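File shown: my_file.txt. Contents: compact mmCIF, C-alpha atoms.
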# COMPACT_ATOMS: atom_id res chain seq x y z
CA MET X 1 108.33 63.06 124.69
CA LYS X 2 106.57 60.59 122.45
CA ARG X 3 103.30 62.36 123.11
CA ILE X 4 104.70 65.71 122.10
CA VAL X 5 106.08 64.32 118.85
CA ARG X 6 102.76 62.67 118.18
CA SER X 7 100.68 65.75 118.75
CA THR X 8 103.10 67.91 116.77
CA LEU X 9 102.89 65.53 113.84
CA GLN X 10 99.12 65.49 114.09
CA THR X 11 98.98 69.28 114.07
CA ALA X 12 101.36 69.47 111.13
CA ALA X 13 99.31 66.91 109.21
CA ASN X 14 96.22 68.97 109.92
CA LEU X 15 97.84 72.10 108.51
CA VAL X 16 99.09 70.20 105.47
CA PHE X 17 95.57 68.89 104.91
CA PHE X 18 94.14 72.41 104.82
CA ALA X 19 96.98 73.60 102.59
CA ILE X 20 96.27 70.82 100.10
CA ILE X 21 92.57 71.65 99.97
CA GLY X 22 93.36 75.34 99.56
CA THR X 23 95.84 74.63 96.77
CA ALA X 24 93.32 72.41 95.01
CA ILE X 25 90.67 75.13 95.12
CA LEU X 26 93.11 77.72 93.76
CA ALA X 27 94.32 75.41 91.01
CA ALA X 28 90.73 74.74 89.97
CA THR X 29 89.87 78.45 89.94
CA HIS X 30 92.98 79.22 87.94
CA GLU X 31 92.08 76.51 85.46
CA LEU X 32 88.57 77.91 85.11
CA THR X 33 89.55 81.56 84.71
CA HIS X 34 92.99 81.81 83.12
CA GLU X 35 91.74 81.65 79.55
CA VAL X 36 89.16 84.36 80.17
CA ILE X 37 91.78 86.47 81.96
CA GLU X 38 94.26 86.15 79.09
CA ARG X 39 91.58 87.04 76.58
CA THR X 40 90.44 90.05 78.63
CA ILE X 41 93.96 91.37 79.04
CA GLU X 42 94.63 90.93 75.33
CA ALA X 43 91.36 92.66 74.40
CA GLU X 44 92.14 95.55 76.75
CA LYS X 45 95.60 95.95 75.26
CA LEU X 46 94.21 95.85 71.74
CA LYS X 47 91.69 98.52 72.73
CA LEU X 48 94.54 100.65 74.04
CA ILE X 49 96.60 100.09 70.90
CA SER X 50 93.64 101.09 68.72
CA GLN X 51 93.70 104.46 70.50
CA ILE X 52 97.29 105.17 69.51
CA LEU X 53 97.46 103.45 66.14
CA PRO X 54 94.46 103.31 63.77
CA ALA X 55 93.56 99.72 62.97
CA SER X 56 93.36 100.69 59.28
CA ASP X 57 97.11 101.35 59.24
CA TYR X 58 98.02 97.68 59.48
CA ASP X 59 96.65 94.33 58.39
CA ASN X 60 98.52 91.81 60.55
CA ASP X 61 97.47 90.28 63.84
CA ILE X 62 99.31 92.78 65.98
CA MET X 63 98.80 90.84 69.22
CA GLN X 64 100.57 87.81 67.75
CA ASP X 65 103.45 89.76 66.20
CA GLU X 66 105.16 90.38 69.48
CA ARG X 67 108.68 90.28 70.79
CA CYS X 68 110.18 90.44 74.22
CA ILE X 69 112.34 93.40 75.02
CA GLU X 70 114.91 93.20 77.77
CA ALA X 71 114.95 95.87 80.45
CA ASP X 72 116.58 99.00 79.10
CA THR X 73 117.55 102.29 80.67
CA LEU X 74 116.33 104.23 77.64
CA LEU X 75 112.88 102.73 78.07
CA GLY X 76 113.09 103.08 81.82
CA THR X 77 112.01 99.47 82.19
CA THR X 78 113.33 97.23 84.93
CA SER X 79 111.92 93.99 83.60
CA GLN X 80 111.06 92.40 80.29
CA THR X 81 108.32 94.09 78.27
CA VAL X 82 106.48 93.07 75.13
CA ALA X 83 106.53 95.09 71.92
CA HIS X 84 104.03 94.63 69.11
CA VAL X 85 104.82 95.20 65.47
CA ALA X 86 102.22 96.47 63.04
CA ARG X 87 102.70 95.39 59.42
CA ARG X 88 100.97 96.20 56.18
CA ASN X 89 101.43 93.77 53.28
CA GLY X 90 104.19 92.18 55.31
CA GLU X 91 106.12 95.41 55.75
CA ALA X 92 106.58 96.87 59.20
CA VAL X 93 104.76 100.19 59.54
CA ALA X 94 104.87 100.81 63.29
CA VAL X 95 105.89 99.38 66.63
CA VAL X 96 104.04 99.59 69.93
CA LEU X 97 106.42 100.02 72.85
CA GLU X 98 106.05 100.28 76.58
CA ALA X 99 108.14 102.81 78.45
CA ILE X 100 108.36 104.02 82.01
CA ALA X 101 108.98 107.55 83.22
CA PRO X 102 110.66 106.83 86.55
CA ASP X 103 110.65 110.44 87.73
CA GLY X 104 106.98 111.39 87.99
CA TYR X 105 105.83 113.56 90.88
CA SER X 106 104.83 110.47 92.82
CA GLY X 107 106.52 107.46 91.33
CA LYS X 108 106.57 105.74 88.01
CA ILE X 109 104.41 106.68 85.06
CA THR X 110 103.87 103.80 82.66
CA LEU X 111 103.43 104.74 79.03
CA ILE X 112 102.54 102.93 75.85
CA MET X 113 103.33 104.46 72.49
CA ALA X 114 103.16 103.65 68.82
CA ILE X 115 106.13 104.75 66.70
CA ARG X 116 105.82 104.70 62.94
CA ALA X 117 108.58 103.31 60.73
CA ASN X 118 109.76 106.85 59.92
CA GLY X 119 110.32 107.60 63.61
CA GLU X 120 107.16 109.65 64.01
CA LEU X 121 104.91 109.10 67.00
CA ALA X 122 101.46 107.81 66.09
CA GLY X 123 100.23 108.24 69.64
CA VAL X 124 101.06 108.00 73.33
CA ARG X 125 98.92 106.95 76.28
CA VAL X 126 99.51 106.79 80.00
CA VAL X 127 98.78 103.28 81.22
CA SER X 128 99.24 103.90 84.92
CA HIS X 129 100.35 106.75 87.13
CA LYS X 130 100.02 108.04 90.67
CA GLU X 131 100.14 111.77 89.94
CA THR X 132 98.14 114.19 92.05
CA PRO X 133 94.44 114.15 91.07
CA GLY X 134 93.36 117.42 89.54
CA LEU X 135 96.92 118.66 89.22
CA GLY X 136 99.36 116.34 87.48
CA ASP X 137 96.84 113.85 86.18
CA TYR X 138 96.11 115.78 82.97
CA ILE X 139 98.58 113.42 81.28
CA ASP X 140 95.73 110.89 81.44
CA ILE X 141 93.51 111.02 78.35
CA ALA X 142 90.47 110.49 80.56
CA LYS X 143 91.15 113.87 82.19
CA ASN X 144 92.68 115.96 79.42
CA PRO X 145 93.71 115.63 75.75
CA TRP X 146 97.21 116.96 76.55
CA ILE X 147 98.92 113.66 75.71
CA ASN X 148 98.00 114.20 72.05
CA VAL X 149 100.77 116.82 71.76
CA PHE X 150 103.02 113.90 70.89
CA VAL X 151 101.11 112.86 67.77
CA GLY X 152 103.31 113.34 64.70
CA LYS X 153 106.34 114.39 66.72
CA SER X 154 109.74 112.84 66.06
CA ARG X 155 113.42 113.36 66.68
CA SER X 156 114.13 114.24 63.08
CA VAL X 157 113.00 117.85 63.47
CA TRP X 158 113.57 118.39 67.17
CA GLY X 159 116.70 117.51 69.07
CA ASP X 160 117.18 116.99 72.79
CA ALA X 161 116.96 120.75 73.40
CA GLU X 162 113.45 120.92 71.92
CA TRP X 163 112.29 117.71 73.57
CA ARG X 164 111.60 119.50 76.81
CA VAL X 165 108.70 121.30 78.39
CA LYS X 166 108.46 125.02 77.63
CA LYS X 167 109.58 125.96 81.11
CA ASP X 168 112.90 124.22 80.43
CA GLY X 169 113.28 125.95 77.07
CA GLY X 170 111.74 123.15 75.01
CA GLN X 171 108.73 122.94 72.73
CA PHE X 172 106.16 121.12 74.84
CA GLU X 173 103.20 122.90 76.34
CA HIS X 174 102.28 122.12 79.92
CA MET X 175 99.97 123.44 82.56
CA ALA X 176 101.13 126.00 85.06
CA GLY X 177 101.75 124.56 88.48
CA ALA X 178 102.41 121.02 87.34
CA THR X 179 105.69 120.82 85.47
CA ILE X 180 107.30 117.77 87.02
CA THR X 181 104.76 115.34 85.58
CA PRO X 182 104.87 116.46 81.91
CA ARG X 183 108.65 116.90 82.18
CA ALA X 184 108.95 113.23 83.15
CA VAL X 185 106.61 112.14 80.35
CA VAL X 186 108.36 114.21 77.66
CA LYS X 187 111.74 112.90 78.79
CA ALA X 188 110.53 109.30 78.74
CA VAL X 189 108.99 109.63 75.27
CA ASN X 190 112.13 111.26 73.92
CA ARG X 191 114.26 108.45 75.32
CA ALA X 192 111.95 105.81 73.91
CA LEU X 193 112.30 107.42 70.47
CA LEU X 194 116.05 107.24 70.92
CA TYR X 195 115.71 103.57 71.83
CA PHE X 196 113.67 103.03 68.69
CA ALA X 197 116.31 104.73 66.54
CA GLN X 198 118.98 102.47 68.00
CA HIS X 199 117.00 99.24 67.81
CA ARG X 200 114.98 99.74 64.65
CA GLU X 201 116.33 96.68 62.83
CA PRO X 202 115.78 94.01 65.51
CA LEU X 203 112.40 95.51 66.40
CA PHE X 204 111.07 95.34 62.85
CA ALA X 205 112.70 92.02 61.94
CA GLN X 206 110.30 89.24 61.00
CA ASN X 207 109.42 87.27 64.06
CA THR X 208 111.36 84.07 63.50
CA ALA X 209 111.21 82.91 67.10
CA ALA X 210 107.43 83.03 67.05
CA THR X 211 107.17 79.63 68.67
CA ASP X 212 107.96 80.87 72.13
CA THR X 213 107.38 84.52 72.78
CA GLY X 214 106.99 83.92 76.47
CA GLY X 215 103.90 84.27 78.61
CA HIS X 216 102.42 87.54 79.68
CA PRO X 217 104.12 88.84 82.76
CA MET F 1 69.03 80.62 114.77
CA ASN F 2 65.92 82.50 115.84
CA ALA F 3 64.71 85.96 114.98
CA THR F 4 66.25 87.57 118.07
CA GLU F 5 69.69 86.19 117.24
CA PHE F 6 69.30 87.28 113.67
CA ARG F 7 68.42 90.81 114.71
CA GLU F 8 71.24 90.98 117.19
CA ILE F 9 73.87 89.85 114.66
CA ALA F 10 72.54 92.29 112.08
CA HIS F 11 72.45 95.13 114.58
CA ASN F 12 76.00 94.36 115.72
CA GLY F 13 77.42 94.34 112.22
CA LEU F 14 75.59 97.30 110.83
CA TRP F 15 75.61 99.63 113.82
CA LYS F 16 76.68 98.65 117.32
CA GLN F 17 79.99 96.97 116.42
CA ASN F 18 80.36 98.54 112.96
CA PRO F 19 83.86 97.62 111.67
CA GLY F 20 84.49 101.04 110.17
CA LEU F 21 83.11 103.23 112.96
CA VAL F 22 83.44 101.25 116.19
CA GLN F 23 85.96 98.42 115.81
CA LEU F 24 88.08 100.63 113.53
CA LEU F 25 89.58 97.57 111.89
CA GLY F 26 90.71 97.46 108.30
CA LEU F 27 91.24 101.18 107.99
CA CYS F 28 93.94 100.94 105.31
CA PRO F 29 91.59 100.08 102.42
CA LEU F 30 88.86 102.19 104.00
CA LEU F 31 91.00 105.29 103.79
CA ALA F 32 92.82 104.51 100.56
CA ILE F 33 89.99 103.43 98.30
CA SER F 34 87.15 105.66 99.47
CA ASN F 35 87.92 108.48 97.04
CA SER F 36 84.89 107.67 94.92
CA LEU F 37 81.55 106.01 95.53
CA VAL F 38 82.03 103.25 92.95
CA ASN F 39 85.52 102.32 94.19
CA ALA F 40 84.39 102.33 97.80
CA VAL F 41 81.28 100.21 97.27
CA SER F 42 83.14 97.79 94.99
CA LEU F 43 85.86 97.09 97.52
CA GLY F 44 83.25 96.96 100.28
CA LEU F 45 81.23 94.33 98.42
CA ALA F 46 84.36 92.30 97.61
CA THR F 47 85.26 92.38 101.30
CA THR F 48 81.69 91.41 102.24
CA LEU F 49 81.83 88.44 99.89
CA VAL F 50 85.14 87.30 101.36
CA MET F 51 83.91 87.76 104.94
CA THR F 52 80.69 85.84 104.33
CA LEU F 53 82.51 82.98 102.64
CA SER F 54 85.37 82.88 105.13
CA SER F 55 83.06 82.85 108.15
CA ALA F 56 80.84 80.26 106.46
CA SER F 57 83.77 77.97 105.71
CA ILE F 58 85.62 78.44 109.00
CA ALA F 59 82.62 77.69 111.20
CA PRO F 60 82.02 74.11 109.94
CA VAL F 61 85.70 73.10 110.28
CA ARG F 62 86.28 74.90 113.58
CA SER F 63 86.15 71.72 115.67
CA TYR F 64 88.75 69.98 113.47
CA VAL F 65 91.32 72.75 113.75
CA PRO F 66 93.70 72.38 116.71
CA ASN F 67 93.81 75.51 118.80
CA GLU F 68 97.55 76.10 118.25
CA ILE F 69 97.29 76.37 114.48
CA ARG F 70 93.89 78.01 114.17
CA ILE F 71 95.31 81.38 113.07
CA PRO F 72 97.45 79.92 110.22
CA VAL F 73 94.50 77.81 109.07
CA PHE F 74 92.13 80.80 109.17
CA VAL F 75 94.61 82.95 107.25
CA LEU F 76 95.03 80.16 104.73
CA ILE F 77 91.29 79.87 104.18
CA ILE F 78 90.92 83.66 103.88
CA ALA F 79 93.86 83.90 101.46
CA VAL F 80 92.39 81.17 99.27
CA LEU F 81 89.01 82.92 99.14
CA VAL F 82 90.54 86.31 98.39
CA THR F 83 92.61 84.83 95.58
CA VAL F 84 89.48 83.19 94.13
CA VAL F 85 87.69 86.56 94.25
CA GLN F 86 90.72 88.18 92.65
CA TYR F 87 90.77 85.65 89.81
CA LEU F 88 87.07 86.16 89.20
CA MET F 89 87.35 89.95 89.18
CA ASN F 90 90.35 89.77 86.88
CA ALA F 91 88.36 87.62 84.49
CA TYR F 92 84.96 89.26 84.58
CA MET F 93 85.37 92.81 85.95
CA TYR F 94 88.70 93.81 84.49
CA GLY F 95 88.24 97.58 84.64
CA LEU F 96 87.40 97.47 88.32
CA TYR F 97 90.20 94.99 88.93
CA VAL F 98 92.69 97.50 87.53
CA VAL F 99 91.25 100.40 89.55
CA LEU F 100 91.17 98.54 92.88
CA GLY F 101 94.56 97.04 92.10
CA ILE F 102 96.59 96.03 95.11
CA PHE F 103 93.64 96.50 97.48
CA ILE F 104 91.97 93.29 96.31
CA PRO F 105 94.81 90.97 97.41
CA LEU F 106 95.21 93.17 100.48
CA ILE F 107 91.77 92.04 101.70
CA VAL F 108 93.73 89.07 103.09
CA THR F 109 95.52 91.39 105.47
CA ASN F 110 92.37 93.31 106.38
CA CYS F 111 92.22 92.51 110.06
CA ILE F 112 88.41 92.72 110.24
CA VAL F 113 88.18 89.50 108.21
CA LEU F 114 90.46 87.58 110.56
CA ALA F 115 88.92 89.29 113.57
CA ARG F 116 85.44 87.96 112.73
CA ALA F 117 86.85 84.51 111.96
CA GLU F 118 88.61 84.43 115.32
CA SER F 119 85.99 86.09 117.51
CA PHE F 120 82.79 84.79 115.95
CA ALA F 121 83.12 82.04 113.33
CA SER F 122 85.45 79.94 115.49
CA LYS F 123 82.79 79.75 118.22
CA ASN F 124 79.46 79.72 116.38
CA PRO F 125 77.55 77.50 113.93
CA PRO F 126 77.97 78.08 110.17
CA LEU F 127 74.72 79.87 109.44
CA ALA F 128 75.11 82.43 112.22
CA SER F 129 78.78 82.88 111.26
CA ALA F 130 77.96 83.50 107.61
CA LEU F 131 75.36 86.04 108.67
CA ASP F 132 77.84 87.72 110.98
CA GLY F 133 80.44 87.96 108.20
CA PHE F 134 77.83 89.29 105.80
CA MET F 135 76.47 91.90 108.20
CA MET F 136 79.94 93.05 109.27
CA GLY F 137 80.85 93.35 105.59
CA LEU F 138 77.71 95.32 104.87
CA GLY F 139 78.43 97.60 107.82
CA LEU F 140 81.88 98.26 106.41
CA THR F 141 80.44 98.76 102.92
CA ALA F 142 77.92 101.27 104.25
CA VAL F 143 80.66 103.33 105.90
CA LEU F 144 82.77 103.08 102.74
CA ALA F 145 79.81 104.16 100.62
CA VAL F 146 79.07 107.24 102.74
CA LEU F 147 82.73 108.20 102.94
CA GLY F 148 83.30 107.55 99.22
CA GLY F 149 80.17 109.42 98.22
CA VAL F 150 80.96 112.46 100.35
CA ARG F 151 84.61 112.58 99.24
CA GLU F 152 83.67 112.25 95.58
CA LEU F 153 80.96 114.87 95.87
CA ILE F 154 83.16 117.42 97.62
CA GLY F 155 86.32 116.53 95.72
CA LYS F 156 84.99 116.20 92.19
CA GLY F 157 81.38 117.35 92.27
CA THR F 158 80.17 114.05 90.82
CA LEU F 159 78.63 110.81 92.02
CA LEU F 160 79.05 107.33 90.54
CA SER F 161 82.01 108.31 88.33
CA GLY F 162 83.69 105.19 87.03
CA ILE F 163 80.49 103.15 87.21
CA ASP F 164 81.21 101.94 83.67
CA LEU F 165 84.26 100.09 85.04
CA ALA F 166 81.99 98.02 87.27
CA LEU F 167 78.94 97.55 85.08
CA GLY F 168 80.25 97.96 81.54
CA GLU F 169 80.24 100.75 78.96
CA GLY F 170 76.44 100.98 78.99
CA ALA F 171 76.46 102.49 82.47
CA LYS F 172 78.57 105.48 81.43
CA ASP F 173 75.56 107.80 81.39
CA TRP F 174 74.77 107.04 85.02
CA VAL F 175 77.41 109.42 86.28
CA ILE F 176 75.70 112.27 88.09
CA HIS F 177 77.31 115.67 87.80
CA VAL F 178 75.84 117.12 90.96
CA ILE F 179 77.72 120.39 90.69
CA PRO F 180 78.30 121.41 87.05
CA ASP F 181 81.61 123.11 86.19
CA TYR F 182 83.02 122.21 89.56
CA HIS F 183 86.76 122.66 89.77
CA GLY F 184 87.29 120.15 92.50
CA PHE F 185 88.48 120.30 96.05
CA LEU F 186 91.70 118.32 96.15
CA LEU F 187 91.82 117.82 99.90
CA ALA F 188 88.75 115.62 99.84
CA ILE F 189 90.23 113.26 97.25
CA LEU F 190 93.65 112.99 98.90
CA PRO F 191 94.27 110.86 102.02
CA PRO F 192 93.72 113.72 104.52
CA GLY F 193 90.16 113.98 103.24
CA ALA F 194 89.64 110.34 104.17
CA PHE F 195 90.89 110.89 107.73
CA ILE F 196 88.81 114.01 108.22
CA GLY F 197 85.75 112.37 106.69
CA LEU F 198 86.07 109.24 108.82
CA GLY F 199 86.61 111.37 111.92
CA LEU F 200 83.41 113.27 111.24
CA LEU F 201 81.51 110.03 110.62
CA ILE F 202 82.70 108.56 113.93
CA ALA F 203 81.83 111.78 115.71
CA GLY F 204 78.40 111.68 114.09
CA LYS F 205 77.79 108.11 115.20
CA ASN F 206 78.92 108.86 118.75
CA TRP F 207 76.65 111.87 118.82
CA LEU F 208 73.68 109.76 117.74
CA ASN F 209 74.57 107.15 120.36
CA LEU F 210 74.81 109.74 123.11
CA ARG F 211 71.57 111.32 122.06
CA ALA F 212 69.83 107.94 122.13
CA GLU F 213 71.28 107.25 125.59
CA ALA F 214 70.24 110.65 126.83
CA LYS F 215 66.72 110.15 125.61
CA VAL F 216 66.42 107.18 127.93
CA ARG F 217 67.36 109.41 130.85
CA ASN F 218 65.64 112.65 131.77
CA LYS F 219 65.22 115.67 129.57
CA PRO F 220 67.59 118.32 131.00
CA ALA F 221 70.47 115.89 130.57
CA THR F 222 69.82 115.80 126.85
CA THR F 223 71.04 119.30 126.12
CA THR F 224 74.29 118.97 128.07
CA MET F 225 75.07 115.57 126.57
CA VAL F 226 74.59 116.84 123.05
CA GLY F 227 76.84 119.80 123.73
CA GLU F 228 79.63 117.60 125.04
CA ALA F 229 79.33 115.15 122.19
CA ALA F 230 79.60 117.87 119.59
CA GLN F 231 82.93 118.92 121.07
CA GLY F 232 84.26 115.40 121.37

What would the structure in this file look like if it were written as structure tokens?
Amino acid sequence: MKRIVRSTLQTAANLVFFAIIGTAILAATHELTHEVIERTIEAEKLKLISQILPASDYDNDIMQDERCIEADTLLGTTSQTVAHVARRNGEAVAVVLEAIAPDGYSGKITLIMAIRANGELAGVRVVSHKETPGLGDYIDIAKNPWINVFVGKSRSVWGDAEWRVKKDGGQFEHMAGATITPRAVVKAVNRALLYFAQHREPLFAQNTAATDTGGHP
Amino acid sequence: MNATEFREIAHNGLWKQNPGLVQLLGLCPLLAISNSLVNAVSLGLATTLVMTLSSASIAPVRSYVPNEIRIPVFVLIIAVLVTVVQYLMNAYMYGLYVVLGIFIPLIVTNCIVLARAESFASKNPPLASALDGFMMGLGLTAVLAVLGGVRELIGKGTLLSGIDLALGEGAKDWVIHVIPDYHGFLLAILPPGAFIGLGLLIAGKNWLNLRAEAKVRNKPATTTMVGEAAQG
């Protein structure tokens, strides 16, 4: 019995030893890379934002002017997201929001969009999707400029009936044979605009809680 | 390690025991990520790096690891290395990191990595083990490259699309449009294309093997063997 306990303890100690070394290596790598990773992610996001909102439209540090947004059914989000506010001379001119279209042809379509203070869309981009290559993937700017149909659109002229693809009696063009994908995107953008209309004030409020905006997810 | 050993390990990894065509281990990433040449080679090289490092680090500690816990320890070492590679790719090759996505962390579960650790690195000296991991990885990368290249060519009519993600914006012009105004052949890009492509590659390798075997024997046998292999 004593021998079994002894050998078990020895084996366990051995495993713990390897686990400690492994953890140390990972901690060191994290320490070495996390700053670069944060900077890269921020630069990539800024690059994406510059596609949907011209940098000349605002003069603040848009990456710093951020606020956390709780999960919301209108945005289709299931966890916290980060919104960025663009200001010019201190006045809010646009907000960059993330939204998810949960009903794509094969799963979620993640979108990022810039909405101007007057409720007009400055631009929309698909961040990630799993739509069929060559069929539903024309929502991706790398494949097709379709996504630009949203530029300048708002809910002030068109109501819910118009915020649909043409096949459903709405105003949005789409390609024959792939309706589900654009339908999901149009619906998600429309809902996000609705969210914006309902949450305009808190979104544009000066960021008082700037001390802790939370880490990147 | 002498030259004969070296040649045998290299031959095993690249051809005789090729992970993608003979051992058929780690097919999940092989099938999922081989829809373009750049994706396929990138994941192949990441896997090669992990396999070389894991074999090289498992071999020196093999005598200190009790037999009962060798699998957990091997998995631990592999997981650590994969996470290090993931951190590095996230920091320095962000575009590729996003494209390969979940398949980078999934290298941990790629059974070819553990298989080489268990069947080779746990019984051989470090240098030979590192070489084995490297050659096995290269063998896998070669299969991925052929499969990715063929699928991209048939599916999209291009080669090297997305190279800018791996090597930066400057490489954007490297994309070769082999067939201009090609409308694409969806089947090749989707998962079935991967299965069909891999099946043809395996058939091709078996055919070459049989032909080589037949050559050793007499001539009339050659024709019948080739005929059978083509059907099989």

Report as a list in words all protein, DNA and RNA residues lying within 6 Å of X:Val93, evaluated on only C-alpha atoms, omitting residues in the same chain fewer than 4 positions from it. Ala86, Arg87, Arg116 and Ala117 of chain X

Every residue with an atom at most 9 Å from (96.5, 110.4, 81.3) (file coordinates; all atoms listed in the file) is what I'm after, so could you write them as a PyMOL selection string? chain X and resi 125-129+137-147

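Proximity to F:Asn35 at 9 Å, evaluated using all atoms listed in the file and with sequence-adjacent residues fewer than 4 positions away removed, yields Leu31, Asn39, Ala40, Leu147, Gly148, Gly149, Val150, Arg151, Glu152, Gly155, Ala188, Ile189, Leu190, Pro191, Gly193 and Ala194 of chain F.
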
Could those residues be written to a file, using C-alpha atoms, as a PDB file, in the frame of the given file?
ATOM      1  CA  LEU F  31      91.000 105.290 103.790  1.00  0.00           C
ATOM      2  CA  ASN F  39      85.520 102.320  94.190  1.00  0.00           C
ATOM      3  CA  ALA F  40      84.390 102.330  97.800  1.00  0.00           C
ATOM      4  CA  LEU F 147      82.730 108.200 102.940  1.00  0.00           C
ATOM      5  CA  GLY F 148      83.300 107.550  99.220  1.00  0.00           C
ATOM      6  CA  GLY F 149      80.170 109.420  98.220  1.00  0.00           C
ATOM      7  CA  VAL F 150      80.960 112.460 100.350  1.00  0.00           C
ATOM      8  CA  ARG F 151      84.610 112.580  99.240  1.00  0.00           C
ATOM      9  CA  GLU F 152      83.670 112.250  95.580  1.00  0.00           C
ATOM     10  CA  GLY F 155      86.320 116.530  95.720  1.00  0.00           C
ATOM     11  CA  ALA F 188      88.750 115.620  99.840  1.00  0.00           C
ATOM     12  CA  ILE F 189      90.230 113.260  97.250  1.00  0.00           C
ATOM     13  CA  LEU F 190      93.650 112.990  98.900  1.00  0.00           C
ATOM     14  CA  PRO F 191      94.270 110.860 102.020  1.00  0.00           C
ATOM     15  CA  GLY F 193      90.160 113.980 103.240  1.00  0.00           C
ATOM     16  CA  ALA F 194      89.640 110.340 104.170  1.00  0.00           C
TER      17      ALA F 194
END

Using all atoms listed in the file, which of X:Pro182, X:Gly159, X:Gly152, X:Gly169 sits nearest X:Glu120? X:Gly152

Quick one: of X:Val185, X:Leu53, X:Ile25, X:Ala176, who's nearest to X:Gly76, counting all atoms listed in the file?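 Using all atoms listed in the file, X:Gly76 sits closest to X:Val185.
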
Residues of chain X within 6 Å of chain F, counting only C-alpha atoms - could you list those as a compact mmCIF listing (two decimals) with C-alpha atoms, in the coordinates of the input?
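File out10.txt, as written:
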# COMPACT_ATOMS: atom_id res chain seq x y z
CA GLY X 22 93.36 75.34 99.56
CA VAL X 36 89.16 84.36 80.17
CA ILE X 37 91.78 86.47 81.96

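Our summary of the geometry notes that atom CA of F:Val82 is positioned 17.1 Å from atom CA of F:Ile33.
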
Quote the spacing between atom CA of F:Leu208 and atom CA of F:Trp15 in Å to one decimal place.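 If I compute the distance from atom CA of F:Leu208 to atom CA of F:Trp15, I get 11.0 Å.
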
Polymer residues at most 10 Å from stretch 129-141 of chain F, all atoms listed in the file, same-chain spacing of 4 or more positions, as an MDAnalysis selection string: chainID F and resid 6 8:21 24:27 30 40:60 112:113 116:117 120:125 145:148

Could you give me, as JSON, numbers by chain, the residues within 12 Å of X:Ala94, counting all atoms listed in the file and dropping anything in the same chain fewer than 6 positions from it? {"X": [49, 52, 53, 54, 55, 57, 58, 59, 60, 62, 65, 83, 84, 85, 86, 87, 88, 113, 114, 115, 116, 117, 118, 119, 120, 121, 122, 123, 196, 200, 203, 204, 205]}

Using only C-alpha atoms, please write the residues we just selected to a file, as a tab-separated table (two decimals), in the frame of the given file.
chain	number	residue	atom	x	y	z
X	49	ILE	CA	96.60	100.09	70.90
X	52	ILE	CA	97.29	105.17	69.51
X	53	LEU	CA	97.46	103.45	66.14
X	54	PRO	CA	94.46	103.31	63.77
X	55	ALA	CA	93.56	99.72	62.97
X	57	ASP	CA	97.11	101.35	59.24
X	58	TYR	CA	98.02	97.68	59.48
X	59	ASP	CA	96.65	94.33	58.39
X	60	ASN	CA	98.52	91.81	60.55
X	62	ILE	CA	99.31	92.78	65.98
X	65	ASP	CA	103.45	89.76	66.20
X	83	ALA	CA	106.53	95.09	71.92
X	84	HIS	CA	104.03	94.63	69.11
X	85	VAL	CA	104.82	95.20	65.47
X	86	ALA	CA	102.22	96.47	63.04
X	87	ARG	CA	102.70	95.39	59.42
X	88	ARG	CA	100.97	96.20	56.18
X	113	MET	CA	103.33	104.46	72.49
X	114	ALA	CA	103.16	103.65	68.82
X	115	ILE	CA	106.13	104.75	66.70
X	116	ARG	CA	105.82	104.70	62.94
X	117	ALA	CA	108.58	103.31	60.73
X	118	ASN	CA	109.76	106.85	59.92
X	119	GLY	CA	110.32	107.60	63.61
X	120	GLU	CA	107.16	109.65	64.01
X	121	LEU	CA	104.91	109.10	67.00
X	122	ALA	CA	101.46	107.81	66.09
X	123	GLY	CA	100.23	108.24	69.64
X	196	PHE	CA	113.67	103.03	68.69
X	200	ARG	CA	114.98	99.74	64.65
X	203	LEU	CA	112.40	95.51	66.40
X	204	PHE	CA	111.07	95.34	62.85
X	205	ALA	CA	112.70	92.02	61.94

Can you work out the spacing between atom CA of F:Tyr182 and atom CA of F:Thr158 in Å, to one decimal?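 Atom-to-atom, atom CA of F:Tyr182 and atom CA of F:Thr158 are spaced 8.7 Å apart.
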
Name all residues at most 10 Å from X:Asp168 (count all atoms listed in the file; drop same-chain ones fewer than 6 positions away) and give them as a PyMOL selection string. chain X and resi 161-162+179+183

Report, as lines of an AutoDock Vina configuration file, the axis-aligned box around all atoms of stretch 154-164 of chain X present in the file, extended by 6 Å on each side; give centre and edge lengths in Å to one decimal place.
center_x = 113.5
center_y = 116.9
center_z = 69.9
size_x = 19.4
size_y = 20.1
size_z = 25.7

Every residue with an atom at most 7 Å from (79.5, 108.0, 87.1) (file coordinates; only C-alpha atoms) is what I'm after, so could you write them as a VMD selection string? chain F and resid 159 to 163 172 to 176

Could you check the closest approach to X:Ala197 for each of X:Gly136, X:Asn14, X:Thr110, X:Leu74 and tell me which residue wins, using only C-alpha atoms?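 Checking each of X:Gly136, X:Asn14, X:Thr110, X:Leu74 against X:Ala197, counting only C-alpha atoms, the winner is X:Leu74.
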
Nearest to F:Leu37, chosen from F:Val216, F:Thr109, F:Ala3, F:Val143, with all atoms listed in the file counted in the distances: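 Closest to F:Leu37, using all atoms listed in the file: F:Val143.
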